[in-house]
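Novice: If it helps, the file is called my_file-v7.cif and holds mmCIF, C-alpha atoms:
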data_target
loop_
_atom_site.label_atom_id
_atom_site.label_comp_id
_atom_site.auth_asym_id
_atom_site.auth_seq_id
_atom_site.Cartn_x
_atom_site.Cartn_y
_atom_site.Cartn_z
CA MET K 1 53.38 23.20 4.00
CA GLN K 2 51.90 21.62 0.88
CA SER K 3 52.95 18.18 2.10
CA LYS K 4 51.19 18.75 5.43
CA ARG K 5 48.07 19.95 3.62
CA MET K 6 48.03 16.91 1.38
CA ARG K 7 48.50 14.61 4.39
CA LEU K 8 45.63 16.36 6.19
CA MET K 9 43.29 16.03 3.20
CA THR K 10 44.25 12.38 2.75
CA ILE K 11 43.48 11.64 6.39
CA VAL K 12 40.21 13.59 6.18
CA GLY K 13 39.15 11.66 3.09
CA ILE K 14 40.00 8.24 4.51
CA VAL K 15 38.41 8.82 7.91
CA SER K 16 35.32 10.41 6.33
CA ALA K 17 34.85 7.21 4.34
CA ILE K 18 35.36 5.09 7.46
CA ALA K 19 32.95 7.21 9.51
CA PHE K 20 30.30 7.02 6.79
CA VAL K 21 30.63 3.24 6.58
CA LEU K 22 30.24 3.05 10.36
CA VAL K 23 27.09 5.15 10.40
CA ALA K 24 25.66 3.35 7.35
CA THR K 25 26.27 -0.19 8.60
CA ILE K 26 26.07 0.05 12.39
CA LYS K 27 22.83 1.48 13.70
CA ILE K 28 21.70 -0.12 16.94
CA PRO K 29 18.16 0.79 18.08
CA VAL K 30 18.14 1.83 21.72
CA VAL K 31 14.90 3.61 22.61
CA LEU K 32 12.11 5.15 20.51
CA PHE K 33 13.64 6.53 17.29
CA LEU K 34 17.11 6.85 18.81
CA LYS K 35 19.87 4.62 17.45
CA TYR K 36 23.50 4.24 18.46
CA GLU K 37 26.18 4.50 15.80
CA PRO K 38 29.93 4.73 16.45
CA LYS K 39 31.15 7.28 13.90
CA ASP K 40 32.04 9.81 16.62
CA ILE K 41 34.76 7.46 17.85
CA ALA K 42 36.61 7.54 14.52
CA ILE K 43 36.23 11.33 14.29
CA THR K 44 37.40 11.91 17.87
CA LEU K 45 40.43 9.66 17.45
CA THR K 46 41.43 11.60 14.34
CA GLY K 47 40.90 14.96 16.03
CA LEU K 48 43.00 13.93 19.01
CA ALA K 49 45.83 12.69 16.79
CA VAL K 50 45.76 15.30 14.01
CA GLY K 51 43.89 18.35 15.28
CA PRO K 52 40.45 20.01 15.54
CA LEU K 53 40.32 21.13 11.89
CA SER K 54 40.36 17.51 10.72
CA ALA K 55 37.51 16.67 13.11
CA VAL K 56 35.38 19.57 11.83
CA LEU K 57 35.94 18.67 8.17
CA ILE K 58 35.24 14.96 8.70
CA THR K 59 32.09 15.75 10.68
CA ILE K 60 30.68 18.00 7.95
CA ILE K 61 31.58 15.61 5.11
CA THR K 62 30.19 12.53 6.88
CA SER K 63 26.98 14.27 7.92
CA PHE K 64 26.47 15.59 4.38
CA LEU K 65 27.00 12.13 2.88
CA GLU K 66 24.54 10.73 5.40
CA MET K 67 21.97 13.40 4.53
CA ILE K 68 22.05 12.74 0.78
CA THR K 69 22.10 8.94 1.03
CA ILE K 70 20.66 7.16 4.06
CA SER K 71 18.96 9.87 6.12
CA SER K 72 15.35 11.01 5.81
CA THR K 73 15.64 14.00 8.16
CA GLY K 74 17.00 16.48 5.61
CA ILE K 75 18.85 19.64 6.50
CA ILE K 76 17.60 19.60 10.10
CA GLY K 77 19.03 16.14 10.63
CA PHE K 78 22.27 17.28 9.01
CA ALA K 79 22.52 20.23 11.39
CA MET K 80 21.76 18.03 14.42
CA ASN K 81 24.37 15.47 13.37
CA VAL K 82 27.03 18.16 12.95
CA LEU K 83 26.18 19.83 16.26
CA ALA K 84 26.03 16.56 18.20
CA THR K 85 29.36 15.29 16.88
CA LEU K 86 31.22 18.58 17.26
CA ALA K 87 29.82 19.08 20.77
CA PHE K 88 31.35 15.75 21.74
CA VAL K 89 34.56 15.89 19.73
CA LEU K 90 35.80 19.49 20.07
CA PRO K 91 35.94 19.71 23.89
CA ALA K 92 37.87 16.45 23.98
CA VAL K 93 40.30 17.56 21.27
CA VAL K 94 40.86 21.13 22.47
CA ILE K 95 41.31 20.23 26.14
CA TYR K 96 43.58 17.28 25.40
CA ARG K 97 45.80 19.28 23.07
CA ARG K 98 46.15 21.98 25.74
CA LYS K 99 46.79 19.48 28.53
CA HIS K 100 48.46 16.59 26.76
CA ASP K 101 48.28 13.96 29.48
CA ARG K 102 45.96 11.37 31.01
CA PHE K 103 44.07 13.97 33.06
CA GLY K 104 43.50 16.15 29.99
CA ALA K 105 42.16 13.18 28.02
CA VAL K 106 39.68 12.20 30.73
CA ILE K 107 38.50 15.77 31.39
CA GLY K 108 38.16 16.48 27.67
CA LEU K 109 36.09 13.37 26.99
CA ALA K 110 33.91 14.01 30.05
CA CYS K 111 33.27 17.59 28.93
CA GLY K 112 32.38 16.27 25.47
CA VAL K 113 29.78 13.90 26.92
CA ILE K 114 28.21 16.69 29.01
CA LEU K 115 28.17 19.28 26.21
CA MET K 116 26.75 16.85 23.65
CA THR K 117 24.00 15.83 26.06
CA LEU K 118 23.02 19.46 26.74
CA VAL K 119 23.10 20.39 23.05
CA MET K 120 20.95 17.42 22.11
CA LEU K 121 18.41 18.19 24.84
CA LEU K 122 17.97 21.65 23.37
CA TRP K 123 17.87 20.55 19.73
CA ASN K 124 15.56 17.64 20.34
CA TYR K 125 13.19 20.02 22.12
CA ILE K 126 13.26 22.17 18.98
CA ALA K 127 13.29 19.50 16.26
CA THR K 128 11.55 16.38 17.63
CA PRO K 129 8.05 17.87 17.26
CA ILE K 130 8.83 18.31 13.56
CA PHE K 131 10.12 14.76 13.12
CA LEU K 132 7.32 13.08 15.11
CA ASN K 133 4.58 15.55 14.17
CA ILE K 134 3.51 16.05 17.78
CA GLU K 135 3.02 19.06 20.03
CA ARG K 136 6.14 20.44 21.70
CA GLU K 137 4.62 20.00 25.16
CA LYS K 138 4.53 16.25 24.59
CA VAL K 139 8.25 16.22 23.83
CA VAL K 140 9.28 17.46 27.29
CA PRO K 141 8.67 14.11 29.06
CA LEU K 142 10.68 12.37 26.31
CA LEU K 143 13.63 14.65 26.99
CA TRP K 144 14.08 13.23 30.49
CA SER K 145 12.86 9.68 29.95
CA ALA K 146 14.59 8.87 26.63
CA ILE K 147 16.76 11.58 25.08
CA LEU K 148 18.79 12.46 28.19
CA PRO K 149 19.69 8.85 29.13
CA PHE K 150 20.31 7.95 25.47
CA ASN K 151 22.85 10.73 24.97
CA LEU K 152 24.57 10.00 28.27
CA LEU K 153 24.74 6.34 27.22
CA LYS K 154 26.01 7.16 23.74
CA GLY K 155 28.51 9.71 25.01
CA GLY K 156 29.79 7.47 27.78
CA LEU K 157 30.26 4.53 25.42
CA ASN K 158 32.03 6.65 22.81
CA ALA K 159 34.27 8.25 25.43
CA ALA K 160 35.27 4.90 26.92
CA LEU K 161 35.99 3.33 23.53
CA THR K 162 37.95 6.40 22.43
CA TYR K 163 40.11 6.19 25.55
CA LEU K 164 40.75 2.49 25.00
CA LEU K 165 41.57 2.83 21.30
CA TYR K 166 43.56 6.06 21.20
CA LYS K 167 46.94 4.80 22.38
CA PRO K 168 47.16 1.67 20.17
CA ILE K 169 45.85 3.47 17.08
CA THR K 170 48.10 6.52 17.35
CA SER K 171 51.08 4.30 18.13
CA ALA K 172 50.38 2.33 14.95
CA LEU K 173 49.96 5.52 12.89
CA LYS K 174 53.21 6.91 14.27
CA ARG K 175 55.02 3.69 13.45
CA TYR K 176 53.84 3.70 9.84
CA GLY K 177 54.12 7.44 9.31
CA GLY K 178 50.41 8.26 9.37
CA ILE K 179 50.93 11.11 11.82
CA GLU K 180 53.90 13.17 12.87
CA ARG K 181 55.76 12.05 15.93
CA THR K 182 55.18 15.40 17.60
CA ASN K 183 51.44 14.77 17.44
CA ALA K 184 51.65 11.22 18.71
CA ALA K 185 50.04 10.21 21.95
CA LYS K 186 52.18 10.88 25.01
CA THR K 187 49.59 9.67 27.44
CA LYS K 188 50.70 6.66 29.44
CA ILE K 189 48.27 3.81 29.87
CA SER K 190 46.52 3.85 33.23
CA LEU K 191 45.35 0.45 34.43
CA PRO K 192 42.57 1.86 36.68
CA LEU K 193 41.24 4.12 33.91
CA THR K 194 41.52 1.30 31.37
CA MET K 195 39.57 -1.03 33.65
CA PHE K 196 36.99 1.69 34.28
CA SER K 197 36.62 2.28 30.52
CA VAL K 198 36.11 -1.45 29.94
CA PHE K 199 33.50 -1.44 32.70
CA VAL K 200 31.69 1.50 31.05
CA VAL K 201 31.69 -0.26 27.67
CA ILE K 202 30.29 -3.48 29.15
CA THR K 203 27.69 -1.60 31.19
CA CYS K 204 26.51 0.46 28.21
CA ALA K 205 26.32 -2.65 26.03
CA MET K 206 24.21 -4.43 28.65
CA ILE K 207 21.89 -1.42 28.95
CA ILE K 208 21.37 -1.38 25.18
CA LEU K 209 20.69 -5.13 25.18
CA SER K 210 18.21 -4.70 28.03
CA PHE K 211 16.39 -1.95 26.12
CA GLN K 212 16.05 -4.43 23.26
CA GLY K 213 14.73 -7.14 25.57
CA ILE K 214 17.65 -9.43 24.75
CA ILE K 215 18.74 -9.75 28.36
#
What do you get writing this file as structure tokens?
Specialist:
Amino acid sequence: MQSKRMRLMTIVGIVSAIAFVLVATIKIPVVLFLKYEPKDIAITLTGLAVGPLSAVLITIITSFLEMITISSTGIIGFAMNVLATLAFVLPAVVIYRRKHDRFGAVIGLACGVILMTLVMLLWNYIATPIFLNIEREKVVPLLWSAILPFNLLKGGLNAALTYLLYKPITSALKRYGGIERTNAAKTKISLPLTMFSVFVVITCAMIILSFQGII
């Protein structure tokens, strides 16, 4: 039991550091004040391989580190970061661990994208007037023109990259003893789903580039 606890805390510490580096170094402006960063991918991969508790702990630690170092949004931004990440990660982890196959992975990630988008619509309606110092009525058009498509874009990109990376990463961790074999990925690679995930990644990247006027 103590060995498992130590392994969990080691994984949480390492992935928290990786997730913080990702959010600190990779921030891609998309639209208005919204920026894409890929930390949710690292957290989701860990949750899928190790369990939901690891994902919750990493999310809280990473969001706290972000709040006290690089963020200017304070406790509200911290709360929004935690809610957004957990809304995406937990459905994917819980559904996949209950239905440990290709279908469970796809359904879980899709549910994560939908839940995160809905949660962020609500919280941006509440918090954006505070951040931008504007009336709440003026935020409503932004919800549909910017915040909704941004979160669908972010969620879709993270889901596709998570699907593509999960099998090779968990196989490597199993090989080198990073996770128990009973927790290792049993999902077989699906060529159609892999091709679809690659298509989603390319499409999302092109959308982001078009928002930036690069293409």
Novice: Find, counting only C-alpha atoms, the residue in K:Leu165, K:Val21, K:Ile134, K:Ala160 that gets nearest to K:Val198.
Specialist: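 Checking each candidate against K:Val198, we get K:Ala160 as the closest.
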Novice: Given the file shown, enumerate the residues that the PyMOL selection byres ((chain K and resi 52-64) around 10) captures and present them as a PyMOL selection string.
Specialist: chain K and resi 8-9+11-21+23+39-40+42-51+65-69+71+74-75+77-86+89-94+97
Novice: Suppose you want the space between atom CA of K:Leu132 and atom CA of K:Lys154; what is it in Å?
Specialist: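 Taking atom CA of K:Leu132 as the start and atom CA of K:Lys154 as the end point, the length is 21.4 Å.
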Novice: What is the distance between atom CA of K:Ile169 and atom CA of K:Ile202, in Å to one decimal?
Specialist: 20.9 Å
Novice: One number please: atom CA of K:Arg98 to atom CA of K:Leu148, in Å, one decimal.
Specialist: 29.1 Å
Novice: Using all atoms listed in the file, which of K:Ala87, K:Met6, K:Leu121, K:Ile208 sits nearest K:Ser145?
Specialist: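 Among the listed residues, the smallest separation from K:Ser145 belongs to K:Leu121.
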Novice: Given the choices K:Ser3, K:Gly112, K:Ser210, K:Ile95, which gets closest to K:Leu157 if the distance is worked out from all atoms listed in the file?
Specialist: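 Between K:Ser3, K:Gly112, K:Ser210, K:Ile95, the residue approaching K:Leu157 most closely is K:Gly112.
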Novice: Closest to K:Leu164 among K:Leu152, K:Ile147, K:Ile41, K:Val139, using all atoms listed in the file?
Specialist: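 So, comparing all the options, the nearest one is K:Ile41.
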Novice: Save stretch 30-105 of chain K from what I just supplied, as a PDB file, in the first residue's frame, atoms limited to C-alpha atoms.
Specialist:
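Below is the file that was written, selection-v9.pdb:
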ATOM      1  CA  VAL K  30      -6.660  32.042 -30.685  1.00  0.00           C
ATOM      2  CA  VAL K  31      -9.361  34.686 -30.330  1.00  0.00           C
ATOM      3  CA  LEU K  32      -9.770  37.698 -28.019  1.00  0.00           C
ATOM      4  CA  PHE K  33      -8.155  36.870 -24.649  1.00  0.00           C
ATOM      5  CA  LEU K  34      -8.448  33.115 -25.176  1.00  0.00           C
ATOM      6  CA  LYS K  35      -5.255  31.108 -25.574  1.00  0.00           C
ATOM      7  CA  TYR K  36      -4.691  27.421 -26.224  1.00  0.00           C
ATOM      8  CA  GLU K  37      -2.360  25.490 -23.948  1.00  0.00           C
ATOM      9  CA  PRO K  38      -1.940  21.696 -23.901  1.00  0.00           C
ATOM     10  CA  LYS K  39      -1.656  20.852 -20.204  1.00  0.00           C
ATOM     11  CA  ASP K  40      -4.987  18.982 -20.222  1.00  0.00           C
ATOM     12  CA  ILE K  41      -3.451  16.365 -22.506  1.00  0.00           C
ATOM     13  CA  ALA K  42      -0.780  15.420 -19.962  1.00  0.00           C
ATOM     14  CA  ILE K  43      -3.343  15.359 -17.139  1.00  0.00           C
ATOM     15  CA  THR K  44      -5.825  13.250 -19.116  1.00  0.00           C
ATOM     16  CA  LEU K  45      -3.171  10.743 -20.161  1.00  0.00           C
ATOM     17  CA  THR K  46      -2.159  10.320 -16.521  1.00  0.00           C
ATOM     18  CA  GLY K  47      -5.751   9.972 -15.360  1.00  0.00           C
ATOM     19  CA  LEU K  48      -6.473   7.332 -17.984  1.00  0.00           C
ATOM     20  CA  ALA K  49      -3.366   5.346 -17.065  1.00  0.00           C
ATOM     21  CA  VAL K  50      -3.317   5.781 -13.279  1.00  0.00           C
ATOM     22  CA  GLY K  51      -6.785   6.856 -12.152  1.00  0.00           C
ATOM     23  CA  PRO K  52      -9.034   9.871 -11.455  1.00  0.00           C
ATOM     24  CA  LEU K  53      -7.394  10.782  -8.133  1.00  0.00           C
ATOM     25  CA  SER K  54      -4.095  11.506  -9.886  1.00  0.00           C
ATOM     26  CA  ALA K  55      -5.889  13.741 -12.403  1.00  0.00           C
ATOM     27  CA  VAL K  56      -7.609  15.729  -9.639  1.00  0.00           C
ATOM     28  CA  LEU K  57      -4.387  16.237  -7.679  1.00  0.00           C
ATOM     29  CA  ILE K  58      -2.370  17.254 -10.752  1.00  0.00           C
ATOM     30  CA  THR K  59      -5.093  19.674 -11.843  1.00  0.00           C
ATOM     31  CA  ILE K  60      -5.197  21.423  -8.470  1.00  0.00           C
ATOM     32  CA  ILE K  61      -1.401  21.592  -8.114  1.00  0.00           C
ATOM     33  CA  THR K  62      -0.834  22.871 -11.653  1.00  0.00           C
ATOM     34  CA  SER K  63      -3.610  25.465 -11.429  1.00  0.00           C
ATOM     35  CA  PHE K  64      -2.278  26.680  -8.066  1.00  0.00           C
ATOM     36  CA  LEU K  65       1.258  27.003  -9.437  1.00  0.00           C
ATOM     37  CA  GLU K  66      -0.129  28.897 -12.406  1.00  0.00           C
ATOM     38  CA  MET K  67      -2.089  31.239 -10.126  1.00  0.00           C
ATOM     39  CA  ILE K  68       0.907  32.197  -7.976  1.00  0.00           C
ATOM     40  CA  THR K  69       3.379  32.575 -10.848  1.00  0.00           C
ATOM     41  CA  ILE K  70       2.189  33.419 -14.357  1.00  0.00           C
ATOM     42  CA  SER K  71      -1.530  34.170 -14.016  1.00  0.00           C
ATOM     43  CA  SER K  72      -3.087  37.569 -13.315  1.00  0.00           C
ATOM     44  CA  THR K  73      -6.648  36.307 -12.789  1.00  0.00           C
ATOM     45  CA  GLY K  74      -6.279  35.332  -9.132  1.00  0.00           C
ATOM     46  CA  ILE K  75      -8.563  32.919  -7.339  1.00  0.00           C
ATOM     47  CA  ILE K  76     -11.290  33.206  -9.988  1.00  0.00           C
ATOM     48  CA  GLY K  77      -8.869  32.150 -12.695  1.00  0.00           C
ATOM     49  CA  PHE K  78      -7.687  29.311 -10.467  1.00  0.00           C
ATOM     50  CA  ALA K  79     -11.259  28.088 -10.005  1.00  0.00           C
ATOM     51  CA  MET K  80     -11.971  28.326 -13.743  1.00  0.00           C
ATOM     52  CA  ASN K  81      -8.793  26.429 -14.610  1.00  0.00           C
ATOM     53  CA  VAL K  82      -9.651  23.636 -12.167  1.00  0.00           C
ATOM     54  CA  LEU K  83     -13.252  23.394 -13.361  1.00  0.00           C
ATOM     55  CA  ALA K  84     -12.338  23.468 -17.055  1.00  0.00           C
ATOM     56  CA  THR K  85      -9.672  20.772 -16.742  1.00  0.00           C
ATOM     57  CA  LEU K  86     -11.695  18.465 -14.502  1.00  0.00           C
ATOM     58  CA  ALA K  87     -14.776  18.861 -16.707  1.00  0.00           C
ATOM     59  CA  PHE K  88     -12.707  17.579 -19.623  1.00  0.00           C
ATOM     60  CA  VAL K  89     -10.595  14.987 -17.833  1.00  0.00           C
ATOM     61  CA  LEU K  90     -12.965  13.249 -15.401  1.00  0.00           C
ATOM     62  CA  PRO K  91     -15.647  12.121 -17.895  1.00  0.00           C
ATOM     63  CA  ALA K  92     -12.926  10.661 -20.108  1.00  0.00           C
ATOM     64  CA  VAL K  93     -11.219   8.878 -17.211  1.00  0.00           C
ATOM     65  CA  VAL K  94     -14.340   7.578 -15.460  1.00  0.00           C
ATOM     66  CA  ILE K  95     -16.065   6.329 -18.618  1.00  0.00           C
ATOM     67  CA  TYR K  96     -12.908   4.722 -20.002  1.00  0.00           C
ATOM     68  CA  ARG K  97     -12.131   2.930 -16.753  1.00  0.00           C
ATOM     69  CA  ARG K  98     -15.691   1.564 -16.669  1.00  0.00           C
ATOM     70  CA  LYS K  99     -15.660   0.571 -20.334  1.00  0.00           C
ATOM     71  CA  HIS K 100     -12.026  -0.215 -21.011  1.00  0.00           C
ATOM     72  CA  ASP K 101     -12.090  -0.386 -24.788  1.00  0.00           C
ATOM     73  CA  ARG K 102     -11.951   1.781 -27.900  1.00  0.00           C
ATOM     74  CA  PHE K 103     -15.627   2.738 -27.648  1.00  0.00           C
ATOM     75  CA  GLY K 104     -15.234   3.781 -24.008  1.00  0.00           C
ATOM     76  CA  ALA K 105     -12.222   5.946 -24.866  1.00  0.00           C
TER      77      ALA K 105
END
